[in-house]
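Shown here: query.txt, compact mmCIF, C-alpha atoms.
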# COMPACT_ATOMS: atom_id res chain seq x y z
CA MET A 77 -23.18 11.16 -20.41
CA LYS A 78 -22.18 8.13 -22.48
CA ILE A 79 -20.24 5.74 -20.26
CA GLY A 80 -18.59 2.50 -21.24
CA VAL A 81 -18.01 -0.11 -18.53
CA VAL A 82 -15.29 -2.61 -19.41
CA GLY A 83 -15.58 -5.80 -17.38
CA ALA A 84 -18.82 -7.51 -16.38
CA GLY A 85 -17.87 -9.27 -13.17
CA SER A 86 -19.73 -8.46 -9.96
CA TRP A 87 -18.20 -5.01 -9.49
CA GLY A 88 -18.44 -4.00 -13.15
CA THR A 89 -22.07 -5.14 -13.29
CA ALA A 90 -22.94 -3.23 -10.11
CA LEU A 91 -21.29 -0.02 -11.33
CA ALA A 92 -22.96 -0.32 -14.73
CA ALA A 93 -26.35 -0.76 -13.06
CA HIS A 94 -25.75 2.21 -10.77
CA LEU A 95 -24.66 4.51 -13.60
CA SER A 96 -27.56 3.42 -15.77
CA ARG A 97 -30.03 4.16 -12.96
CA ALA A 98 -28.34 7.56 -12.60
CA GLY A 99 -29.62 8.38 -16.07
CA HIS A 100 -26.52 7.83 -18.18
CA ASP A 101 -26.20 6.02 -21.51
CA VAL A 102 -24.27 2.97 -20.28
CA VAL A 103 -22.82 0.16 -22.39
CA LEU A 104 -21.34 -2.81 -20.50
CA TRP A 105 -18.72 -4.91 -22.25
CA ALA A 106 -18.42 -8.60 -21.41
CA ARG A 107 -16.19 -11.18 -23.03
CA GLU A 108 -18.60 -13.99 -22.11
CA ALA A 109 -21.45 -14.45 -24.60
CA GLU A 110 -23.78 -15.81 -21.90
CA ILE A 111 -23.50 -12.58 -19.90
CA VAL A 112 -24.41 -10.48 -22.93
CA ALA A 113 -27.34 -12.76 -23.76
CA GLY A 114 -28.58 -12.81 -20.17
CA ILE A 115 -28.56 -9.04 -19.77
CA ARG A 116 -30.20 -8.48 -23.13
CA SER A 117 -32.99 -11.01 -22.66
CA LEU A 118 -33.58 -11.20 -18.89
CA HIS A 119 -31.82 -8.04 -17.58
CA ARG A 120 -29.68 -10.26 -15.37
CA ASN A 121 -26.03 -11.30 -15.40
CA PRO A 122 -26.17 -15.12 -15.21
CA LEU A 123 -22.58 -15.51 -13.99
CA PHE A 124 -22.28 -12.68 -11.45
CA LEU A 125 -24.94 -11.27 -9.11
CA GLY A 126 -27.33 -13.59 -10.92
CA ASP A 127 -30.36 -12.78 -8.76
CA ALA A 128 -30.07 -8.99 -9.19
CA ASP A 129 -32.45 -7.26 -11.58
CA LEU A 130 -30.56 -4.84 -13.83
CA PRO A 131 -32.00 -1.69 -15.44
CA GLU A 132 -33.72 -2.26 -18.78
CA SER A 133 -31.77 0.73 -20.11
CA LEU A 134 -28.42 -1.03 -19.54
CA VAL A 135 -26.92 -2.21 -22.83
CA ALA A 136 -24.60 -5.23 -22.94
CA THR A 137 -22.19 -5.98 -25.75
CA ALA A 138 -19.40 -8.37 -26.67
CA GLU A 139 -17.88 -5.75 -28.98
CA ILE A 140 -15.43 -3.60 -27.04
CA ASP A 141 -15.67 -0.87 -29.67
CA ALA A 142 -19.38 -0.43 -28.91
CA ALA A 143 -18.59 0.23 -25.23
CA VAL A 144 -15.57 2.48 -25.67
CA ALA A 145 -16.00 4.47 -28.88
CA GLY A 146 -17.63 7.83 -28.22
CA ALA A 147 -17.71 7.35 -24.45
CA GLU A 148 -16.96 10.40 -22.33
CA ALA A 149 -15.80 8.12 -19.52
CA VAL A 150 -14.71 4.48 -19.59
CA VAL A 151 -15.00 2.64 -16.28
CA PHE A 152 -12.36 -0.10 -16.25
CA VAL A 153 -13.20 -3.08 -14.02
CA VAL A 154 -10.83 -5.84 -15.13
CA PRO A 155 -8.62 -7.77 -12.66
CA VAL A 156 -5.23 -6.06 -12.57
CA GLN A 157 -3.28 -9.16 -13.58
CA HIS A 158 -5.22 -9.20 -16.90
CA ALA A 159 -5.48 -5.44 -17.39
CA ARG A 160 -2.78 -4.89 -20.00
CA ALA A 161 -4.32 -7.21 -22.59
CA VAL A 162 -7.73 -5.53 -22.31
CA LEU A 163 -6.23 -2.03 -22.36
CA ARG A 164 -4.53 -2.94 -25.62
CA GLU A 165 -7.94 -3.89 -27.00
CA ILE A 166 -9.24 -0.47 -26.01
CA GLY A 167 -6.26 1.19 -27.68
CA ALA A 168 -7.20 3.81 -30.26
CA ARG A 169 -10.92 3.33 -29.55
CA LEU A 170 -10.65 5.55 -26.47
CA GLY A 171 -11.67 9.11 -27.30
CA ALA A 172 -9.05 11.86 -27.26
CA ASP A 173 -10.59 13.52 -24.21
CA ALA A 174 -12.25 10.53 -22.52
CA ALA A 175 -11.47 9.75 -18.90
CA LEU A 176 -10.41 6.28 -17.84
CA VAL A 177 -11.94 5.56 -14.44
CA SER A 178 -10.20 2.56 -12.93
CA ALA A 179 -12.18 0.52 -10.42
CA SER A 180 -9.61 -2.31 -10.51
CA LYS A 181 -7.78 -2.88 -7.23
CA GLY A 182 -4.38 -4.50 -7.19
CA ILE A 183 -0.72 -4.38 -8.16
CA GLU A 184 0.62 -6.15 -11.25
CA VAL A 185 2.83 -8.99 -10.04
CA ALA A 186 5.14 -9.10 -13.08
CA THR A 187 6.06 -5.39 -12.97
CA LEU A 188 4.88 -4.15 -9.52
CA ASP A 189 3.00 -1.41 -11.39
CA ARG A 190 -0.20 0.28 -10.20
CA MET A 191 -3.16 0.71 -12.56
CA ASP A 192 -2.29 4.35 -13.33
CA GLU A 193 1.19 3.23 -14.41
CA ILE A 194 -0.23 0.39 -16.52
CA ALA A 195 -2.77 2.67 -18.21
CA THR A 196 -0.19 5.35 -18.91
CA ALA A 197 2.13 2.80 -20.51
CA GLU A 198 -0.47 0.94 -22.57
CA LEU A 199 -2.68 3.85 -23.69
CA ARG A 200 -0.14 6.70 -23.62
CA LEU A 201 -2.77 8.30 -21.41
CA PRO A 202 -2.08 11.77 -19.98
CA ILE A 203 -2.18 11.47 -16.20
CA GLY A 204 -5.00 14.02 -15.97
CA ARG A 205 -7.36 11.66 -17.79
CA PHE A 206 -6.84 8.84 -15.28
CA VAL A 207 -9.16 8.57 -12.28
CA ALA A 208 -8.98 5.94 -9.54
CA LEU A 209 -12.26 4.80 -7.97
CA SER A 210 -12.03 3.04 -4.63
CA GLY A 211 -13.71 2.70 -1.26
CA PRO A 212 -15.87 0.41 0.88
CA SER A 213 -18.38 -0.85 -1.67
CA PHE A 214 -19.61 -4.43 -1.88
CA ALA A 215 -21.04 -4.98 -5.36
CA ARG A 216 -24.16 -6.74 -4.09
CA GLU A 217 -25.11 -3.77 -1.91
CA VAL A 218 -24.41 -1.25 -4.69
CA VAL A 219 -26.57 -3.13 -7.20
CA ALA A 220 -29.34 -3.22 -4.56
CA GLY A 221 -29.16 0.57 -4.19
CA MET A 222 -27.99 0.55 -0.56
CA PRO A 223 -26.22 3.72 0.73
CA THR A 224 -22.54 3.69 -0.23
CA ALA A 225 -19.64 6.16 -0.30
CA ALA A 226 -16.39 5.99 -2.24
CA VAL A 227 -13.59 8.23 -3.47
CA LEU A 228 -12.49 9.39 -6.93
CA ALA A 229 -8.82 10.36 -7.18
CA GLY A 230 -7.24 12.29 -10.01
CA SER A 231 -4.97 15.19 -10.89
CA ASP A 232 -7.34 17.21 -13.13
CA GLU A 233 -9.63 18.96 -10.64
CA GLU A 234 -12.19 20.14 -13.19
CA ARG A 235 -12.52 16.68 -14.77
CA LEU A 236 -12.71 15.11 -11.32
CA ARG A 237 -15.58 17.37 -10.23
CA ALA A 238 -17.47 16.60 -13.44
CA ILE A 239 -17.17 12.85 -12.88
CA GLN A 240 -18.08 13.24 -9.20
CA THR A 241 -21.27 15.07 -10.17
CA ALA A 242 -22.15 12.58 -12.90
CA PHE A 243 -21.51 9.46 -10.80
CA SER A 244 -23.13 10.59 -7.52
CA THR A 245 -26.72 9.83 -6.56
CA PRO A 246 -28.62 9.90 -3.24
CA ALA A 247 -27.66 6.21 -2.86
CA PHE A 248 -23.99 6.45 -3.88
CA ARG A 249 -21.95 9.45 -2.71
CA PHE A 250 -18.50 10.14 -4.19
CA TYR A 251 -15.77 12.25 -2.63
CA THR A 252 -12.72 13.55 -4.53
CA ALA A 253 -9.01 13.34 -3.76
CA ALA A 254 -5.75 14.29 -5.44
CA ASP A 255 -3.74 11.36 -4.07
CA VAL A 256 -3.95 8.81 -6.91
CA ILE A 257 -0.99 6.79 -5.60
CA GLY A 258 -2.38 6.55 -2.07
CA VAL A 259 -5.92 5.66 -3.18
CA GLU A 260 -4.66 2.94 -5.52
CA LEU A 261 -2.26 1.44 -3.00
CA ALA A 262 -4.80 1.56 -0.17
CA GLY A 263 -7.37 -0.24 -2.32
CA ALA A 264 -4.86 -2.92 -3.27
CA LEU A 265 -3.02 -3.48 0.00
CA LYS A 266 -6.09 -3.75 2.26
CA ASN A 267 -6.83 -7.07 0.54
CA VAL A 268 -3.64 -8.54 2.04
CA VAL A 269 -4.82 -7.59 5.52
CA ALA A 270 -8.25 -9.06 4.72
CA LEU A 271 -6.61 -12.42 4.00
CA ALA A 272 -4.99 -12.27 7.43
CA ALA A 273 -8.25 -11.31 9.13
CA GLY A 274 -9.98 -14.21 7.42
CA MET A 275 -7.28 -16.61 8.56
CA ALA A 276 -7.70 -15.43 12.15
CA SER A 277 -11.42 -16.18 11.94
CA GLY A 278 -10.78 -19.53 10.29
CA LEU A 279 -8.41 -20.45 13.11
CA GLY A 280 -11.03 -19.42 15.69
CA LEU A 281 -8.77 -16.81 17.29
CA GLY A 282 -11.57 -14.48 18.37
CA HIS A 283 -12.42 -10.82 17.91
CA ASN A 284 -9.36 -9.51 19.79
CA ALA A 285 -7.01 -11.01 17.20
CA VAL A 286 -9.00 -9.66 14.26
CA ALA A 287 -9.07 -6.14 15.77
CA ALA A 288 -5.31 -6.26 16.33
CA LEU A 289 -4.73 -7.43 12.75
CA LEU A 290 -6.84 -4.62 11.31
CA THR A 291 -5.06 -1.98 13.37
CA ARG A 292 -1.52 -3.20 12.82
CA GLY A 293 -2.31 -4.04 9.21
CA LEU A 294 -3.44 -0.47 8.57
CA HIS A 295 -0.22 0.81 10.15
CA GLU A 296 1.81 -1.53 7.95
CA ILE A 297 0.18 -0.71 4.61
CA THR A 298 0.30 3.02 5.42
CA ARG A 299 4.04 2.71 5.98
CA LEU A 300 4.53 1.24 2.50
CA GLY A 301 2.06 3.61 0.87
CA VAL A 302 3.80 6.70 2.23
CA ARG A 303 7.20 5.37 1.17
CA LEU A 304 5.86 4.97 -2.38
CA GLY A 305 4.50 8.52 -2.54
CA GLY A 306 1.01 8.25 -1.06
CA ARG A 307 -0.33 10.43 1.74
CA ALA A 308 -0.89 9.07 5.24
CA GLU A 309 -4.32 10.71 5.50
CA THR A 310 -5.51 8.73 2.47
CA PHE A 311 -5.06 5.52 4.46
CA ARG A 312 -7.32 6.94 7.18
CA GLY A 313 -10.06 7.67 4.66
CA LEU A 314 -12.59 5.74 2.58
CA ALA A 315 -10.03 4.05 0.31
CA GLY A 316 -7.93 3.04 3.32
CA MET A 317 -9.56 2.44 6.68
CA GLY A 318 -13.08 2.41 5.24
CA ASP A 319 -12.36 -0.29 2.69
CA LEU A 320 -10.13 -2.16 5.15
CA VAL A 321 -12.87 -2.45 7.78
CA LEU A 322 -15.42 -3.60 5.19
CA THR A 323 -13.14 -6.14 3.53
CA CYS A 324 -11.83 -7.56 6.78
CA THR A 325 -15.17 -7.94 8.54
CA GLY A 326 -17.93 -8.12 5.91
CA GLU A 327 -19.44 -11.48 5.09
CA LEU A 328 -19.48 -10.62 1.36
CA SER A 329 -15.69 -10.12 1.22
CA ARG A 330 -13.98 -12.53 -1.18
CA ASN A 331 -10.57 -11.89 0.36
CA ARG A 332 -11.76 -12.44 3.91
CA ALA A 333 -13.51 -15.64 2.78
CA ALA A 334 -10.35 -16.87 1.06
CA GLY A 335 -8.33 -16.24 4.21
CA GLU A 336 -10.91 -18.00 6.36
CA ARG A 337 -10.71 -21.08 4.16
CA LEU A 338 -6.91 -21.04 4.41
CA GLY A 339 -7.20 -20.79 8.18
CA ARG A 340 -9.42 -23.87 8.17
CA GLY A 341 -6.76 -25.79 6.27
CA GLU A 342 -8.14 -25.78 2.72
CA PRO A 343 -5.54 -25.81 -0.09
CA LEU A 344 -4.91 -22.56 -1.91
CA ALA A 345 -5.45 -24.17 -5.33
CA ALA A 346 -9.03 -25.06 -4.44
CA ILE A 347 -9.72 -21.58 -3.05
CA VAL A 348 -8.55 -19.68 -6.16
CA ALA A 349 -10.23 -22.07 -8.62
CA GLY A 350 -13.59 -20.26 -8.52
CA ARG A 351 -14.86 -17.61 -10.90
CA GLU A 352 -14.69 -14.77 -8.35
CA VAL A 353 -11.20 -13.29 -7.91
CA ALA A 354 -9.60 -12.76 -4.49
CA GLU A 355 -7.16 -10.01 -5.52
CA GLY A 356 -5.31 -10.26 -2.22
CA VAL A 357 -3.63 -13.49 -3.32
CA PRO A 358 -1.54 -12.03 -6.19
CA THR A 359 -1.31 -8.65 -4.46
CA THR A 360 0.47 -10.20 -1.46
CA SER A 361 3.52 -11.22 -3.48
CA ALA A 362 3.61 -7.83 -5.21
CA ALA A 363 3.33 -5.98 -1.90
CA ALA A 364 6.10 -8.08 -0.35
CA ALA A 365 8.35 -7.44 -3.37
CA LEU A 366 7.73 -3.68 -3.15
CA ALA A 367 8.46 -3.74 0.57
CA ARG A 368 11.79 -5.44 0.01
CA ARG A 369 12.69 -3.14 -2.88
CA HIS A 370 12.04 -0.06 -0.75
CA GLU A 371 13.31 -1.57 2.53
CA VAL A 372 9.97 -1.31 4.35
CA ASP A 373 9.35 -3.75 7.18
CA MET A 374 5.99 -5.49 6.67
CA PRO A 375 5.88 -8.50 8.99
CA LEU A 376 2.20 -9.27 8.43
CA THR A 377 2.55 -9.14 4.65
CA PHE A 378 5.67 -11.30 4.75
CA ALA A 379 3.84 -13.85 6.91
CA ILE A 380 0.89 -14.02 4.50
CA GLU A 381 3.32 -14.37 1.60
CA ALA A 382 4.96 -17.35 3.31
CA ILE A 383 1.58 -18.96 4.01
CA LEU A 384 0.44 -18.59 0.40
CA ALA A 385 3.74 -20.08 -0.78
CA GLY A 386 3.30 -23.07 1.53
CA ARG A 387 6.34 -22.23 3.64
CA LEU A 388 4.42 -21.46 6.84
CA ALA A 389 1.23 -22.74 8.43
CA PRO A 390 -1.33 -20.10 9.45
CA ALA A 391 -1.28 -21.20 13.10
CA ASP A 392 2.52 -20.99 13.23
CA ALA A 393 2.44 -17.52 11.66
CA VAL A 394 0.27 -16.25 14.51
CA TRP A 395 2.79 -17.13 17.18
CA GLU A 396 5.74 -15.90 15.14
CA LEU A 397 4.05 -12.49 14.88
CA MET A 398 3.11 -12.47 18.57
CA ARG A 399 6.70 -13.19 19.59
CA ARG A 400 8.26 -10.35 17.58
CA GLU A 401 10.43 -7.80 19.37
CA LEU A 402 8.38 -5.46 21.55
CA LYS A 403 8.22 -1.84 20.39
CA ALA A 404 6.29 1.43 20.72
CA GLU A 405 2.96 1.39 18.86
CA ALA A 406 3.75 4.39 16.67
CA ALA A 407 7.23 3.19 15.71
CA LEU A 408 7.77 3.08 11.98
Would you write out, as structure tokens, the structure that this file holds?
Amino acid sequence: MKIGVVGAGSWGTALAAHLSRAGHDVVLWAREAEIVAGIRSLHRNPLFLGDADLPESLVATAEIDAAVAGAEAVVFVVPVQHARAVLREIGARLGADAALVSASKGIEVATLDRMDEIATAELRLPIGRFVALSGPSFAREVVAGMPTAAVLAGSDEERLRAIQTAFSTPAFRFYTAADVIGVELAGALKNVVALAAGMASGLGLGHNAVAALLTRGLHEITRLGVRLGGRAETFRGLAGMGDLVLTCTGELSRNRAAGERLGRGEPLAAIVAGREVAEGVPTTSAAAALARRHEVDMPLTFAIEAILAGRLAPADAVWELMRRELKAEAAL
């Protein structure tokens, strides 16, 4: 299968390496000339996962047409806040029957749109050709070939099974799902909870606090996801609880690390200045806006929003949450 991978950050590089090792004809598009040069000459990405050896069969290009034209599947791995501009570059280059597999996790702040909504608008893409890829999958472990499982969500069952078969290897197992909305929202919203978990660690609050945040955070993002059309069981699966546990506890988590730095008192501007993107930062404001629009109570999300906006200190947020009205655990 010819596969184009659009976006050569850590996750895009890891997926491109995995798919190339799976025997596919993979072309990775990068905007940065140094990434293209590094992969071509040294089989390494000098800006992301720089110490990982990439397959010699992996082709890198700065020409988006070379990655997209003729591809049976295009794996899209661009930060959601920049997705529209790159999708417009793809435009007519995308084949008439090619699938767009989105591995981008987030919600567009300006519109509150998910990636399936953005792709449909920008590419006039039939919904059956859109597939969401999500799950607990650190890029560094995927590129190293460590055992990983994730989920592919789409509405065209035959296309979904074909992609599942093509993408799966003994090291990376893919499951399928029909709940595109739930998988996308779970993958985006868990990053907000990861910021909170990181803050708890940065404040030195202990394991009890982190466990409580994960549990109540899952309840909270499920509540919003179901209101927006997702299925509750999706949030108990790989894209939900699986990714939440990984992102909130794993040392390689960018969102957890960003939250930890906030908990230690570092300014947000310094934290987001790096090359790696912590998607939970823009996603928090989008999640809070969706919650207000749909009248969903999300106290943890609202607290993180206030912290990121500089209206509330992390330590003060803890005690505000702990002093909320007592209620039954399952209460929605």
Between CA of Met77 (chain A) and CA of Ala208 (chain A), measure the distance and give it in Å to one decimal.
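About the pair CA of Met77 (chain A) and CA of Ala208 (chain A): they are 18.6 Å apart.
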Env of region 105-117 of chain A: 10 Å cut, atoms = only C-alpha atoms, seq-sep filter 4 positions within chain, self excluded. Answer as a PyMOL selection string.
chain A and resi 80-85+88-89+92+121-124+126+129-144+152
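Counting all atoms listed in the file, the residue from A:Arg332, A:Arg120, A:Arg190, A:His295 that sits nearest to Ala276 (chain A) is A:Arg332.
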Which residues of region 270-348 of chain A come within 12 Å of region 375-392 of chain A, and for each one, what is the closest pair of atoms and their distance in Å to one decimal, counting only C-alpha atoms, sorted by chain and residue number, as a Markdown table?
| residue | atom | partner | partner_atom | distance |
| --- | --- | --- | --- | --- |
| A:Ala270 | CA | A:Ile380 | CA | 10.4 |
| A:Leu271 | CA | A:Ile380 | CA | 7.7 |
| A:Ala272 | CA | A:Ile380 | CA | 6.8 |
| A:Ala273 | CA | A:Ile380 | CA | 10.6 |
| A:Gly274 | CA | A:Pro390 | CA | 10.7 |
| A:Met275 | CA | A:Pro390 | CA | 7.0 |
| A:Ala276 | CA | A:Pro390 | CA | 8.3 |
| A:Ser277 | CA | A:Pro390 | CA | 11.1 |
| A:Gly278 | CA | A:Pro390 | CA | 9.5 |
| A:Leu279 | CA | A:Ala391 | CA | 7.2 |
| A:Gly280 | CA | A:Ala391 | CA | 10.2 |
| A:Leu281 | CA | A:Ala391 | CA | 9.6 |
| A:Ala288 | CA | A:Leu376 | CA | 11.3 |
| A:Leu289 | CA | A:Leu376 | CA | 8.4 |
| A:Leu290 | CA | A:Leu376 | CA | 10.6 |
| A:Thr291 | CA | A:Leu376 | CA | 11.4 |
| A:Arg292 | CA | A:Leu376 | CA | 8.4 |
| A:Gly293 | CA | A:Leu376 | CA | 6.9 |
| A:Leu294 | CA | A:Leu376 | CA | 10.5 |
| A:His295 | CA | A:Leu376 | CA | 10.5 |
| A:Glu296 | CA | A:Leu376 | CA | 7.8 |
| A:Ile297 | CA | A:Thr377 | CA | 8.8 |
| A:Arg299 | CA | A:Pro375 | CA | 11.8 |
| A:Leu300 | CA | A:Thr377 | CA | 10.8 |
| A:Ala334 | CA | A:Leu384 | CA | 10.9 |
| A:Gly335 | CA | A:Ile380 | CA | 9.5 |
| A:Glu336 | CA | A:Pro390 | CA | 10.3 |
| A:Arg337 | CA | A:Pro390 | CA | 10.8 |
| A:Leu338 | CA | A:Pro390 | CA | 7.6 |
| A:Gly339 | CA | A:Pro390 | CA | 6.0 |
| A:Arg340 | CA | A:Pro390 | CA | 9.0 |
| A:Gly341 | CA | A:Pro390 | CA | 8.5 |
| A:Glu342 | CA | A:Pro390 | CA | 11.1 |
| A:Pro343 | CA | A:Leu384 | CA | 9.4 |
| A:Leu344 | CA | A:Leu384 | CA | 7.1 |
| A:Ala345 | CA | A:Leu384 | CA | 9.9 |
| A:Ile347 | CA | A:Leu384 | CA | 11.1 |
| A:Val348 | CA | A:Leu384 | CA | 11.2 |
- [ ] Extract, using only C-alpha atoms, all DNA, RNA and protein residues at most 9 Å from Ala229 (chain A), discarding same-chain residues fewer than 2 positions from it, and format them as a list in words.
- [x]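 Counting only C-alpha atoms, the residues come to Phe206, Val207, Ala208, Leu209, Ser210, Val227, Ser231, Leu236, Tyr251, Thr252, Ala253, Ala254, Asp255, Val256, Ile257, Val259 and Glu260 of chain A.
From CA of Phe248 (chain A) back to CA of Ala174 (chain A), the distance works out to 22.4 Å.
Minimum atom-to-atom distances from A:Ala315, A:Ala349, A:Ala333, A:Ala195 to Ala225 (chain A) were compared using all atoms listed in the file, and the lowest value belongs to A:Ala315.
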Between CA of Val102 (chain A) and CA of Leu163 (chain A) lies a distance of 18.8 Å
Selected residue of minimal separation from Ala215 (chain A) among A:Arg307, A:Gly230, A:Leu125, A:Gly258, counting only C-alpha atoms: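 For Ala215 (chain A), the nearest of the given residues is A:Leu125.
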Mind listing whatever residues come within 9 Å of the point (-28.7, 7.1, -5.3)? Use only C-alpha atoms, file coordinates, and give them as a PyMOL selection string.
chain A and resi 94+97-98+221-224+244-249
Leu322 (chain A): which residues within 10 Å, counting all atoms listed in the file, same-chain residues fewer than 6 positions away excluded, as a CSV table (one decimal) with C-alpha atoms, in the coordinates of the input?
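Listed below is the output, selection_0.csv:
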chain,number,residue,atom,x,y,z
A,211,GLY,CA,-13.7,2.7,-1.3
A,212,PRO,CA,-15.9,0.4,0.9
A,213,SER,CA,-18.4,-0.8,-1.7
A,214,PHE,CA,-19.6,-4.4,-1.9
A,266,LYS,CA,-6.1,-3.8,2.3
A,270,ALA,CA,-8.2,-9.1,4.7
A,328,LEU,CA,-19.5,-10.6,1.4
A,329,SER,CA,-15.7,-10.1,1.2
A,332,ARG,CA,-11.8,-12.4,3.9
Would you compute, for all listed atoms of region 145-155 of chain A, the axis-aligned bounding box grown by 4 Å on each side, and then report its centre and edge lengths in Å rounded to one decimal, as JSON?
{"center_x": -13.2, "center_y": 1.3, "center_z": -20.8, "size_x": 17.1, "size_y": 26.2, "size_z": 24.2}
Near Asp101 (chain A), counting all atoms listed in the file, which residues have an atom at most 7 Å away, once you skip same-chain residues fewer than 2 positions from it, shown as a PyMOL selection string?
chain A and resi 77-79+96+99+103
Exercise. Might you pull out every residue within 8 Å of Lys181 (chain A), with only C-alpha atoms counted and same-chain residues fewer than 5 positions away left off, and present them as a list in words?
Key: Pro155, Val156, Met191, Ser210, Glu260, Gly263, Ala264 and Glu355 of chain A
Review point. Which residue, A:Glu165, A:Glu371, A:Asp173, A:Asp189, has the smallest gap to Gly146 (chain A) when you use all atoms listed in the file?
Key: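 Among the listed residues, the smallest separation from Gly146 (chain A) belongs to A:Asp173.
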